[in-house]
>>> print(open('final30.pdb').read())   # PDB, N, CA and C atoms
ATOM      1  N   MET A1400      13.396  -9.895  15.202  1.00  0.00           N
ATOM      2  CA  MET A1400      13.555  -8.807  16.143  1.00  0.00           C
ATOM      3  C   MET A1400      12.908  -7.546  15.571  1.00  0.00           C
ATOM      4  N   LYS A1401      12.096  -6.905  16.350  1.00  0.00           N
ATOM      5  CA  LYS A1401      11.412  -5.693  15.896  1.00  0.00           C
ATOM      6  C   LYS A1401      12.399  -4.537  15.762  1.00  0.00           C
ATOM      7  N   GLN A1402      12.232  -3.818  14.659  1.00  0.00           N
ATOM      8  CA  GLN A1402      13.078  -2.660  14.420  1.00  0.00           C
ATOM      9  C   GLN A1402      12.523  -1.465  15.190  1.00  0.00           C
ATOM     10  N   LYS A1403      13.369  -0.491  15.444  1.00  0.00           N
ATOM     11  CA  LYS A1403      12.948   0.755  16.080  1.00  0.00           C
ATOM     12  C   LYS A1403      12.047   1.514  15.101  1.00  0.00           C
ATOM     13  N   PHE A1404      10.941   2.053  15.592  1.00  0.00           N
ATOM     14  CA  PHE A1404      10.008   2.779  14.727  1.00  0.00           C
ATOM     15  C   PHE A1404      10.635   4.069  14.222  1.00  0.00           C
ATOM     16  N   THR A1405      10.528   4.262  12.923  1.00  0.00           N
ATOM     17  CA  THR A1405      10.926   5.506  12.272  1.00  0.00           C
ATOM     18  C   THR A1405       9.706   6.030  11.541  1.00  0.00           C
ATOM     19  N   LYS A1406       9.327   7.255  11.817  1.00  0.00           N
ATOM     20  CA  LYS A1406       8.148   7.846  11.185  1.00  0.00           C
ATOM     21  C   LYS A1406       8.360   7.946   9.673  1.00  0.00           C
ATOM     22  N   PRO A1407       7.363   7.529   8.881  1.00  0.00           N
ATOM     23  CA  PRO A1407       7.482   7.662   7.422  1.00  0.00           C
ATOM     24  C   PRO A1407       7.551   9.128   6.992  1.00  0.00           C
ATOM     25  N   ASP A1408       8.247   9.376   5.913  1.00  0.00           N
ATOM     26  CA  ASP A1408       8.333  10.721   5.338  1.00  0.00           C
ATOM     27  C   ASP A1408       7.347  10.797   4.180  1.00  0.00           C
ATOM     28  N   PHE A1409       6.257  11.508   4.384  1.00  0.00           N
ATOM     29  CA  PHE A1409       5.206  11.613   3.374  1.00  0.00           C
ATOM     30  C   PHE A1409       5.368  12.832   2.464  1.00  0.00           C
ATOM     31  N   GLU A1410       6.582  13.347   2.345  1.00  0.00           N
ATOM     32  CA  GLU A1410       6.828  14.485   1.456  1.00  0.00           C
ATOM     33  C   GLU A1410       6.604  14.114  -0.010  1.00  0.00           C
ATOM     34  N   GLU A1411       6.989  12.898  -0.400  1.00  0.00           N
ATOM     35  CA  GLU A1411       6.900  12.497  -1.806  1.00  0.00           C
ATOM     36  C   GLU A1411       6.003  11.284  -2.019  1.00  0.00           C
ATOM     37  N   GLY A1412       5.174  10.954  -1.082  1.00  0.00           N
ATOM     38  CA  GLY A1412       4.269   9.824  -1.205  1.00  0.00           C
ATOM     39  C   GLY A1412       3.322   9.799  -0.026  1.00  0.00           C
ATOM     40  N   THR A1413       2.280   9.011  -0.132  1.00  0.00           N
ATOM     41  CA  THR A1413       1.268   8.980   0.922  1.00  0.00           C
ATOM     42  C   THR A1413       1.118   7.605   1.566  1.00  0.00           C
ATOM     43  N   LEU A1414       1.828   6.608   1.033  1.00  0.00           N
ATOM     44  CA  LEU A1414       1.781   5.246   1.569  1.00  0.00           C
ATOM     45  C   LEU A1414       3.189   4.682   1.662  1.00  0.00           C
ATOM     46  N   GLU A1415       3.418   3.867   2.698  1.00  0.00           N
ATOM     47  CA  GLU A1415       4.703   3.192   2.825  1.00  0.00           C
ATOM     48  C   GLU A1415       4.466   1.788   3.353  1.00  0.00           C
ATOM     49  N   PHE A1416       4.975   0.799   2.628  1.00  0.00           N
ATOM     50  CA  PHE A1416       4.894  -0.603   3.018  1.00  0.00           C
ATOM     51  C   PHE A1416       6.256  -1.014   3.566  1.00  0.00           C
ATOM     52  N   ARG A1417       6.240  -1.639   4.742  1.00  0.00           N
ATOM     53  CA  ARG A1417       7.477  -2.090   5.374  1.00  0.00           C
ATOM     54  C   ARG A1417       7.316  -3.539   5.812  1.00  0.00           C
ATOM     55  N   THR A1418       8.440  -4.224   5.893  1.00  0.00           N
ATOM     56  CA  THR A1418       8.444  -5.575   6.457  1.00  0.00           C
ATOM     57  C   THR A1418       9.403  -5.591   7.631  1.00  0.00           C
ATOM     58  N   ASP A1419       9.046  -6.375   8.627  1.00  0.00           N
ATOM     59  CA  ASP A1419       9.896  -6.581   9.789  1.00  0.00           C
ATOM     60  C   ASP A1419       9.726  -8.046  10.169  1.00  0.00           C
ATOM     61  N   GLY A1420      10.665  -8.863   9.742  1.00  0.00           N
ATOM     62  CA  GLY A1420      10.497 -10.301   9.909  1.00  0.00           C
ATOM     63  C   GLY A1420       9.350 -10.757   9.029  1.00  0.00           C
ATOM     64  N   ASP A1421       8.369 -11.441   9.617  1.00  0.00           N
ATOM     65  CA  ASP A1421       7.221 -11.906   8.835  1.00  0.00           C
ATOM     66  C   ASP A1421       6.021 -10.967   8.940  1.00  0.00           C
ATOM     67  N   GLU A1422       6.226  -9.785   9.499  1.00  0.00           N
ATOM     68  CA  GLU A1422       5.147  -8.802   9.629  1.00  0.00           C
ATOM     69  C   GLU A1422       5.227  -7.757   8.509  1.00  0.00           C
ATOM     70  N   VAL A1423       4.090  -7.478   7.900  1.00  0.00           N
ATOM     71  CA  VAL A1423       3.991  -6.418   6.897  1.00  0.00           C
ATOM     72  C   VAL A1423       3.196  -5.278   7.520  1.00  0.00           C
ATOM     73  N   SER A1424       3.728  -4.083   7.449  1.00  0.00           N
ATOM     74  CA  SER A1424       3.036  -2.902   7.975  1.00  0.00           C
ATOM     75  C   SER A1424       2.760  -1.929   6.843  1.00  0.00           C
ATOM     76  N   ILE A1425       1.567  -1.346   6.874  1.00  0.00           N
ATOM     77  CA  ILE A1425       1.182  -0.331   5.891  1.00  0.00           C
ATOM     78  C   ILE A1425       1.020   0.976   6.649  1.00  0.00           C
ATOM     79  N   TYR A1426       1.841   1.955   6.295  1.00  0.00           N
ATOM     80  CA  TYR A1426       1.748   3.274   6.898  1.00  0.00           C
ATOM     81  C   TYR A1426       1.154   4.215   5.862  1.00  0.00           C
ATOM     82  N   GLY A1427       0.261   5.054   6.279  1.00  0.00           N
ATOM     83  CA  GLY A1427      -0.323   6.005   5.344  1.00  0.00           C
ATOM     84  C   GLY A1427      -0.890   7.210   6.061  1.00  0.00           C
ATOM     85  N   ASN A1428      -0.897   8.329   5.354  1.00  0.00           N
ATOM     86  CA  ASN A1428      -1.647   9.461   5.889  1.00  0.00           C
ATOM     87  C   ASN A1428      -3.093   9.277   5.433  1.00  0.00           C
ATOM     88  N   SER A1429      -3.982  10.160   5.838  1.00  0.00           N
ATOM     89  CA  SER A1429      -5.401   9.961   5.514  1.00  0.00           C
ATOM     90  C   SER A1429      -5.643   9.956   4.005  1.00  0.00           C
ATOM     91  N   GLU A1430      -4.909  10.765   3.268  1.00  0.00           N
ATOM     92  CA  GLU A1430      -5.057  10.778   1.803  1.00  0.00           C
ATOM     93  C   GLU A1430      -4.654   9.432   1.203  1.00  0.00           C
ATOM     94  N   GLY A1431      -3.531   8.892   1.662  1.00  0.00           N
ATOM     95  CA  GLY A1431      -3.041   7.627   1.132  1.00  0.00           C
ATOM     96  C   GLY A1431      -3.935   6.449   1.468  1.00  0.00           C
ATOM     97  N   LEU A1432      -4.407   6.382   2.710  1.00  0.00           N
ATOM     98  CA  LEU A1432      -5.283   5.276   3.097  1.00  0.00           C
ATOM     99  C   LEU A1432      -6.626   5.367   2.383  1.00  0.00           C
ATOM    100  N   ARG A1433      -7.130   6.572   2.187  1.00  0.00           N
ATOM    101  CA  ARG A1433      -8.378   6.751   1.434  1.00  0.00           C
ATOM    102  C   ARG A1433      -8.190   6.302  -0.011  1.00  0.00           C
ATOM    103  N   TRP A1434      -7.068   6.685  -0.617  1.00  0.00           N
ATOM    104  CA  TRP A1434      -6.759   6.293  -1.992  1.00  0.00           C
ATOM    105  C   TRP A1434      -6.714   4.777  -2.106  1.00  0.00           C
ATOM    106  N   MET A1435      -6.018   4.125  -1.159  1.00  0.00           N
ATOM    107  CA  MET A1435      -5.905   2.670  -1.199  1.00  0.00           C
ATOM    108  C   MET A1435      -7.268   2.013  -1.005  1.00  0.00           C
ATOM    109  N   ALA A1436      -8.091   2.541  -0.116  1.00  0.00           N
ATOM    110  CA  ALA A1436      -9.433   1.990   0.095  1.00  0.00           C
ATOM    111  C   ALA A1436     -10.262   2.095  -1.187  1.00  0.00           C
ATOM    112  N   GLN A1437     -10.156   3.213  -1.881  1.00  0.00           N
ATOM    113  CA  GLN A1437     -10.898   3.383  -3.135  1.00  0.00           C
ATOM    114  C   GLN A1437     -10.414   2.394  -4.195  1.00  0.00           C
ATOM    115  N   LYS A1438      -9.111   2.146  -4.246  1.00  0.00           N
ATOM    116  CA  LYS A1438      -8.578   1.165  -5.204  1.00  0.00           C
ATOM    117  C   LYS A1438      -9.060  -0.237  -4.848  1.00  0.00           C
ATOM    118  N   CYS A1439      -9.119  -0.562  -3.573  1.00  0.00           N
ATOM    119  CA  CYS A1439      -9.636  -1.873  -3.143  1.00  0.00           C
ATOM    120  C   CYS A1439     -11.092  -2.029  -3.564  1.00  0.00           C
ATOM    121  N   LEU A1440     -11.890  -1.003  -3.358  1.00  0.00           N
ATOM    122  CA  LEU A1440     -13.300  -1.052  -3.753  1.00  0.00           C
ATOM    123  C   LEU A1440     -13.447  -1.176  -5.267  1.00  0.00           C
ATOM    124  N   ALA A1441     -12.586  -0.495  -6.023  1.00  0.00           N
ATOM    125  CA  ALA A1441     -12.637  -0.592  -7.485  1.00  0.00           C
ATOM    126  C   ALA A1441     -12.335  -2.021  -7.932  1.00  0.00           C
ATOM    127  N   LEU A1442     -11.380  -2.672  -7.277  1.00  0.00           N
ATOM    128  CA  LEU A1442     -11.081  -4.061  -7.617  1.00  0.00           C
ATOM    129  C   LEU A1442     -12.288  -4.959  -7.339  1.00  0.00           C
ATOM    130  N   VAL A1443     -12.902  -4.782  -6.194  1.00  0.00           N
ATOM    131  CA  VAL A1443     -14.067  -5.597  -5.823  1.00  0.00           C
ATOM    132  C   VAL A1443     -15.229  -5.340  -6.778  1.00  0.00           C
ATOM    133  N   ASP A1444     -15.465  -4.091  -7.117  1.00  0.00           N
ATOM    134  CA  ASP A1444     -16.576  -3.741  -8.007  1.00  0.00           C
ATOM    135  C   ASP A1444     -16.367  -4.252  -9.430  1.00  0.00           C
ATOM    136  N   ALA A1445     -15.110  -4.428  -9.853  1.00  0.00           N
ATOM    137  CA  ALA A1445     -14.836  -4.952 -11.192  1.00  0.00           C
ATOM    138  C   ALA A1445     -15.267  -6.412 -11.295  1.00  0.00           C
ATOM    139  N   ASP A1446     -15.370  -7.093 -10.160  1.00  0.00           N
ATOM    140  CA  ASP A1446     -15.904  -8.449 -10.069  1.00  0.00           C
ATOM    141  C   ASP A1446     -15.157  -9.463 -10.951  1.00  0.00           C
ATOM    142  N   LYS A1447     -13.833  -9.325 -11.014  1.00  0.00           N
ATOM    143  CA  LYS A1447     -13.017 -10.304 -11.749  1.00  0.00           C
ATOM    144  C   LYS A1447     -11.626 -10.319 -11.123  1.00  0.00           C
ATOM    145  N   ASN A1448     -10.903 -11.396 -11.359  1.00  0.00           N
ATOM    146  CA  ASN A1448      -9.518 -11.429 -10.884  1.00  0.00           C
ATOM    147  C   ASN A1448      -8.781 -10.253 -11.505  1.00  0.00           C
ATOM    148  N   SER A1449      -8.145  -9.457 -10.677  1.00  0.00           N
ATOM    149  CA  SER A1449      -7.441  -8.285 -11.186  1.00  0.00           C
ATOM    150  C   SER A1449      -6.420  -7.833 -10.141  1.00  0.00           C
ATOM    151  N   HIS A1450      -5.586  -6.896 -10.530  1.00  0.00           N
ATOM    152  CA  HIS A1450      -4.593  -6.381  -9.594  1.00  0.00           C
ATOM    153  C   HIS A1450      -4.189  -4.959  -9.974  1.00  0.00           C
ATOM    154  N   ILE A1451      -3.590  -4.287  -9.002  1.00  0.00           N
ATOM    155  CA  ILE A1451      -3.074  -2.934  -9.191  1.00  0.00           C
ATOM    156  C   ILE A1451      -1.681  -2.884  -8.576  1.00  0.00           C
ATOM    157  N   HIS A1452      -0.686  -2.523  -9.368  1.00  0.00           N
ATOM    158  CA  HIS A1452       0.677  -2.336  -8.858  1.00  0.00           C
ATOM    159  C   HIS A1452       0.775  -0.900  -8.350  1.00  0.00           C
ATOM    160  N   LEU A1453       1.020  -0.741  -7.071  1.00  0.00           N
ATOM    161  CA  LEU A1453       1.071   0.591  -6.496  1.00  0.00           C
ATOM    162  C   LEU A1453       2.271   1.387  -6.994  1.00  0.00           C
ATOM    163  N   ASP A1454       3.298   0.695  -7.480  1.00  0.00           N
ATOM    164  CA  ASP A1454       4.468   1.377  -8.035  1.00  0.00           C
ATOM    165  C   ASP A1454       4.113   2.172  -9.292  1.00  0.00           C
ATOM    166  N   ASP A1455       2.995   1.831  -9.938  1.00  0.00           N
ATOM    167  CA  ASP A1455       2.568   2.535 -11.149  1.00  0.00           C
ATOM    168  C   ASP A1455       1.953   3.898 -10.839  1.00  0.00           C
ATOM    169  N   TYR A1456       1.756   4.183  -9.571  1.00  0.00           N
ATOM    170  CA  TYR A1456       1.151   5.448  -9.138  1.00  0.00           C
ATOM    171  C   TYR A1456       2.171   6.185  -8.274  1.00  0.00           C
ATOM    172  N   GLU A1457       1.997   7.454  -8.108  1.00  0.00           N
ATOM    173  CA  GLU A1457       2.940   8.233  -7.296  1.00  0.00           C
ATOM    174  C   GLU A1457       2.438   8.340  -5.859  1.00  0.00           C
ATOM    175  N   VAL A1458       2.227   7.189  -5.222  1.00  0.00           N
ATOM    176  CA  VAL A1458       1.703   7.197  -3.858  1.00  0.00           C
ATOM    177  C   VAL A1458       2.695   6.633  -2.842  1.00  0.00           C
ATOM    178  N   LEU A1459       3.677   5.864  -3.290  1.00  0.00           N
ATOM    179  CA  LEU A1459       4.617   5.240  -2.363  1.00  0.00           C
ATOM    180  C   LEU A1459       5.762   6.187  -2.014  1.00  0.00           C
ATOM    181  N   THR A1460       6.195   6.122  -0.764  1.00  0.00           N
ATOM    182  CA  THR A1460       7.351   6.904  -0.355  1.00  0.00           C
ATOM    183  C   THR A1460       8.608   6.284  -0.947  1.00  0.00           C
ATOM    184  N   ARG A1461       9.703   6.999  -0.868  1.00  0.00           N
ATOM    185  CA  ARG A1461      10.980   6.507  -1.393  1.00  0.00           C
ATOM    186  C   ARG A1461      11.449   5.229  -0.696  1.00  0.00           C
ATOM    187  N   LYS A1462      11.124   5.099   0.581  1.00  0.00           N
ATOM    188  CA  LYS A1462      11.602   3.951   1.353  1.00  0.00           C
ATOM    189  C   LYS A1462      10.628   2.777   1.342  1.00  0.00           C
ATOM    190  N   SER A1463       9.500   2.925   0.667  1.00  0.00           N
ATOM    191  CA  SER A1463       8.488   1.869   0.663  1.00  0.00           C
ATOM    192  C   SER A1463       8.929   0.650  -0.127  1.00  0.00           C
ATOM    193  N   LYS A1464       8.496  -0.507   0.333  1.00  0.00           N
ATOM    194  CA  LYS A1464       8.633  -1.740  -0.443  1.00  0.00           C
ATOM    195  C   LYS A1464       7.643  -1.661  -1.604  1.00  0.00           C
ATOM    196  N   SER A1465       7.910  -2.355  -2.666  1.00  0.00           N
ATOM    197  CA  SER A1465       6.952  -2.456  -3.765  1.00  0.00           C
ATOM    198  C   SER A1465       5.713  -3.171  -3.246  1.00  0.00           C
ATOM    199  N   ALA A1466       4.555  -2.851  -3.822  1.00  0.00           N
ATOM    200  CA  ALA A1466       3.315  -3.473  -3.345  1.00  0.00           C
ATOM    201  C   ALA A1466       2.297  -3.558  -4.467  1.00  0.00           C
ATOM    202  N   ALA A1467       1.401  -4.522  -4.328  1.00  0.00           N
ATOM    203  CA  ALA A1467       0.303  -4.694  -5.278  1.00  0.00           C
ATOM    204  C   ALA A1467      -0.950  -5.059  -4.489  1.00  0.00           C
ATOM    205  N   LEU A1468      -2.095  -4.601  -4.989  1.00  0.00           N
ATOM    206  CA  LEU A1468      -3.382  -5.008  -4.451  1.00  0.00           C
ATOM    207  C   LEU A1468      -3.939  -6.034  -5.439  1.00  0.00           C
ATOM    208  N   ILE A1469      -4.313  -7.195  -4.951  1.00  0.00           N
ATOM    209  CA  ILE A1469      -4.719  -8.287  -5.838  1.00  0.00           C
ATOM    210  C   ILE A1469      -6.036  -8.876  -5.374  1.00  0.00           C
ATOM    211  N   LEU A1470      -7.009  -8.920  -6.283  1.00  0.00           N
ATOM    212  CA  LEU A1470      -8.288  -9.563  -5.999  1.00  0.00           C
ATOM    213  C   LEU A1470      -8.241 -10.978  -6.552  1.00  0.00           C
ATOM    214  N   VAL A1471      -8.499 -11.945  -5.692  1.00  0.00           N
ATOM    215  CA  VAL A1471      -8.590 -13.340  -6.092  1.00  0.00           C
ATOM    216  C   VAL A1471     -10.028 -13.766  -5.819  1.00  0.00           C
ATOM    217  N   LYS A1472     -10.775 -14.011  -6.887  1.00  0.00           N
ATOM    218  CA  LYS A1472     -12.180 -14.384  -6.728  1.00  0.00           C
ATOM    219  C   LYS A1472     -12.269 -15.731  -6.025  1.00  0.00           C
ATOM    220  N   GLU A1473     -13.274 -15.848  -5.173  1.00  0.00           N
ATOM    221  CA  GLU A1473     -13.490 -17.115  -4.444  1.00  0.00           C
ATOM    222  C   GLU A1473     -13.990 -18.172  -5.386  1.00  0.00           C
TER     223      GLU A1473
END
>>> encode(input="final30.pdb", output="structure tokens")
Amino acid sequence: MKQKFTKPDFEEGTLEFRTDGDEVSIYGNSEGLRWMAQKCLALVDADKNSHIHLDDYEVLTRKSKSAALILVKE
């Protein structure tokens, strides 16, 4: 069952990961989404299996689920 939408509070973070059943949603302001895009590109440019734990950075809101960006080479 879908939960009622609650706007993320970006006072202390720029990204928020939520789950609702089997759906994962990523909420971000423009700063947060740009930051995440740059981290994704850095992983791809490193050209090796690697990952970044977003909890290690001050980008997640207080209510965000923990998250990681993971490159798995083909």
>>> resolve_selection(input="final30.pdb", expression="the PyMOL selection byres (((chain A and resi 1455-1466 and name CA) around 10) and name CA)", output="short mmCIF file (atom, residue, chain, number, x, y, z; two decimals) with N, CA and C atoms, in the coordinates of the input")
data_model
loop_
_atom_site.label_atom_id
_atom_site.label_comp_id
_atom_site.auth_asym_id
_atom_site.auth_seq_id
_atom_site.Cartn_x
_atom_site.Cartn_y
_atom_site.Cartn_z
N PRO A 1407 7.36 7.53 8.88
CA PRO A 1407 7.48 7.66 7.42
C PRO A 1407 7.55 9.13 6.99
N ASP A 1408 8.25 9.38 5.91
CA ASP A 1408 8.33 10.72 5.34
C ASP A 1408 7.35 10.80 4.18
N PHE A 1409 6.26 11.51 4.38
CA PHE A 1409 5.21 11.61 3.37
C PHE A 1409 5.37 12.83 2.46
N GLU A 1410 6.58 13.35 2.35
CA GLU A 1410 6.83 14.48 1.46
C GLU A 1410 6.60 14.11 -0.01
N GLU A 1411 6.99 12.90 -0.40
CA GLU A 1411 6.90 12.50 -1.81
C GLU A 1411 6.00 11.28 -2.02
N GLY A 1412 5.17 10.95 -1.08
CA GLY A 1412 4.27 9.82 -1.20
C GLY A 1412 3.32 9.80 -0.03
N THR A 1413 2.28 9.01 -0.13
CA THR A 1413 1.27 8.98 0.92
C THR A 1413 1.12 7.60 1.57
N LEU A 1414 1.83 6.61 1.03
CA LEU A 1414 1.78 5.25 1.57
C LEU A 1414 3.19 4.68 1.66
N GLU A 1415 3.42 3.87 2.70
CA GLU A 1415 4.70 3.19 2.82
C GLU A 1415 4.47 1.79 3.35
N PHE A 1416 4.97 0.80 2.63
CA PHE A 1416 4.89 -0.60 3.02
C PHE A 1416 6.26 -1.01 3.57
N ARG A 1417 6.24 -1.64 4.74
CA ARG A 1417 7.48 -2.09 5.37
C ARG A 1417 7.32 -3.54 5.81
N THR A 1418 8.44 -4.22 5.89
CA THR A 1418 8.44 -5.58 6.46
C THR A 1418 9.40 -5.59 7.63
N VAL A 1423 4.09 -7.48 7.90
CA VAL A 1423 3.99 -6.42 6.90
C VAL A 1423 3.20 -5.28 7.52
N ILE A 1425 1.57 -1.35 6.87
CA ILE A 1425 1.18 -0.33 5.89
C ILE A 1425 1.02 0.98 6.65
N TYR A 1426 1.84 1.96 6.30
CA TYR A 1426 1.75 3.27 6.90
C TYR A 1426 1.15 4.22 5.86
N GLY A 1427 0.26 5.05 6.28
CA GLY A 1427 -0.32 6.00 5.34
C GLY A 1427 -0.89 7.21 6.06
N GLU A 1430 -4.91 10.76 3.27
CA GLU A 1430 -5.06 10.78 1.80
C GLU A 1430 -4.65 9.43 1.20
N GLY A 1431 -3.53 8.89 1.66
CA GLY A 1431 -3.04 7.63 1.13
C GLY A 1431 -3.94 6.45 1.47
N TRP A 1434 -7.07 6.68 -0.62
CA TRP A 1434 -6.76 6.29 -1.99
C TRP A 1434 -6.71 4.78 -2.11
N MET A 1435 -6.02 4.12 -1.16
CA MET A 1435 -5.90 2.67 -1.20
C MET A 1435 -7.27 2.01 -1.00
N ILE A 1451 -3.59 -4.29 -9.00
CA ILE A 1451 -3.07 -2.93 -9.19
C ILE A 1451 -1.68 -2.88 -8.58
N HIS A 1452 -0.69 -2.52 -9.37
CA HIS A 1452 0.68 -2.34 -8.86
C HIS A 1452 0.78 -0.90 -8.35
N LEU A 1453 1.02 -0.74 -7.07
CA LEU A 1453 1.07 0.59 -6.50
C LEU A 1453 2.27 1.39 -6.99
N ASP A 1454 3.30 0.70 -7.48
CA ASP A 1454 4.47 1.38 -8.04
C ASP A 1454 4.11 2.17 -9.29
N ALA A 1467 1.40 -4.52 -4.33
CA ALA A 1467 0.30 -4.69 -5.28
C ALA A 1467 -0.95 -5.06 -4.49
N LEU A 1468 -2.10 -4.60 -4.99
CA LEU A 1468 -3.38 -5.01 -4.45
C LEU A 1468 -3.94 -6.03 -5.44
N ILE A 1469 -4.31 -7.20 -4.95
CA ILE A 1469 -4.72 -8.29 -5.84
C ILE A 1469 -6.04 -8.88 -5.37
#
>>> select_by_dssp(input="final30.pdb", residues="range 1409-1473 of chain A", states="strand (DSSP E)", output="short mmCIF file (atom, residue, chain, number, x, y, z; two decimals) with N, CA and C atoms, keeping the file's coordinate frame")
data_model
loop_
_atom_site.label_atom_id
_atom_site.label_comp_id
_atom_site.auth_asym_id
_atom_site.auth_seq_id
_atom_site.Cartn_x
_atom_site.Cartn_y
_atom_site.Cartn_z
N LEU A 1414 1.83 6.61 1.03
CA LEU A 1414 1.78 5.25 1.57
C LEU A 1414 3.19 4.68 1.66
N GLU A 1415 3.42 3.87 2.70
CA GLU A 1415 4.70 3.19 2.82
C GLU A 1415 4.47 1.79 3.35
N PHE A 1416 4.97 0.80 2.63
CA PHE A 1416 4.89 -0.60 3.02
C PHE A 1416 6.26 -1.01 3.57
N ARG A 1417 6.24 -1.64 4.74
CA ARG A 1417 7.48 -2.09 5.37
C ARG A 1417 7.32 -3.54 5.81
N THR A 1418 8.44 -4.22 5.89
CA THR A 1418 8.44 -5.58 6.46
C THR A 1418 9.40 -5.59 7.63
N ASP A 1419 9.05 -6.38 8.63
CA ASP A 1419 9.90 -6.58 9.79
C ASP A 1419 9.73 -8.05 10.17
N GLU A 1422 6.23 -9.78 9.50
CA GLU A 1422 5.15 -8.80 9.63
C GLU A 1422 5.23 -7.76 8.51
N VAL A 1423 4.09 -7.48 7.90
CA VAL A 1423 3.99 -6.42 6.90
C VAL A 1423 3.20 -5.28 7.52
N SER A 1424 3.73 -4.08 7.45
CA SER A 1424 3.04 -2.90 7.98
C SER A 1424 2.76 -1.93 6.84
N ILE A 1425 1.57 -1.35 6.87
CA ILE A 1425 1.18 -0.33 5.89
C ILE A 1425 1.02 0.98 6.65
N TYR A 1426 1.84 1.96 6.30
CA TYR A 1426 1.75 3.27 6.90
C TYR A 1426 1.15 4.22 5.86
N GLY A 1427 0.26 5.05 6.28
CA GLY A 1427 -0.32 6.00 5.34
C GLY A 1427 -0.89 7.21 6.06
N SER A 1449 -8.14 -9.46 -10.68
CA SER A 1449 -7.44 -8.28 -11.19
C SER A 1449 -6.42 -7.83 -10.14
N HIS A 1450 -5.59 -6.90 -10.53
CA HIS A 1450 -4.59 -6.38 -9.59
C HIS A 1450 -4.19 -4.96 -9.97
N ILE A 1451 -3.59 -4.29 -9.00
CA ILE A 1451 -3.07 -2.93 -9.19
C ILE A 1451 -1.68 -2.88 -8.58
N HIS A 1452 -0.69 -2.52 -9.37
CA HIS A 1452 0.68 -2.34 -8.86
C HIS A 1452 0.78 -0.90 -8.35
N ALA A 1467 1.40 -4.52 -4.33
CA ALA A 1467 0.30 -4.69 -5.28
C ALA A 1467 -0.95 -5.06 -4.49
N LEU A 1468 -2.10 -4.60 -4.99
CA LEU A 1468 -3.38 -5.01 -4.45
C LEU A 1468 -3.94 -6.03 -5.44
N ILE A 1469 -4.31 -7.20 -4.95
CA ILE A 1469 -4.72 -8.29 -5.84
C ILE A 1469 -6.04 -8.88 -5.37
N LEU A 1470 -7.01 -8.92 -6.28
CA LEU A 1470 -8.29 -9.56 -6.00
C LEU A 1470 -8.24 -10.98 -6.55
#
>>> atom_distance(input="final30.pdb", atom1="CA of Lys1447 in chain A", atom2="CA of Val1471 in chain A")
7.8 Å
>>> atom_distance(input="final30.pdb", atom1="CA of Lys1472 in chain A", atom2="CA of Leu1440 in chain A")
13.7 Å
>>> atom_distance(input="final30.pdb", atom1="CA of Asp1444 in chain A", atom2="atom C of Asn1428 in chain A")
23.1 Å
>>> select_by_dssp(input="final30.pdb", residues="chain A", states="alpha helix (DSSP H)", output="MDAnalysis selection string")
chainID A and resid 1429:1445
>>> axis_aligned_box(input="final30.pdb", around="range 1439-1455 of chain A", padding_each_side="3 Å", output="JSON")
{"center_x": -6.1, "center_y": -3.8, "center_z": -7.4, "size_x": 27.0, "size_y": 21.3, "size_z": 14.6}
>>> closest_residue(input="final30.pdb", among="A:Ala1436, A:Leu1470, A:Thr1405, A:Gly1420", to="Ser1449 in chain A", atoms="all atoms listed in the file")
A:Leu1470
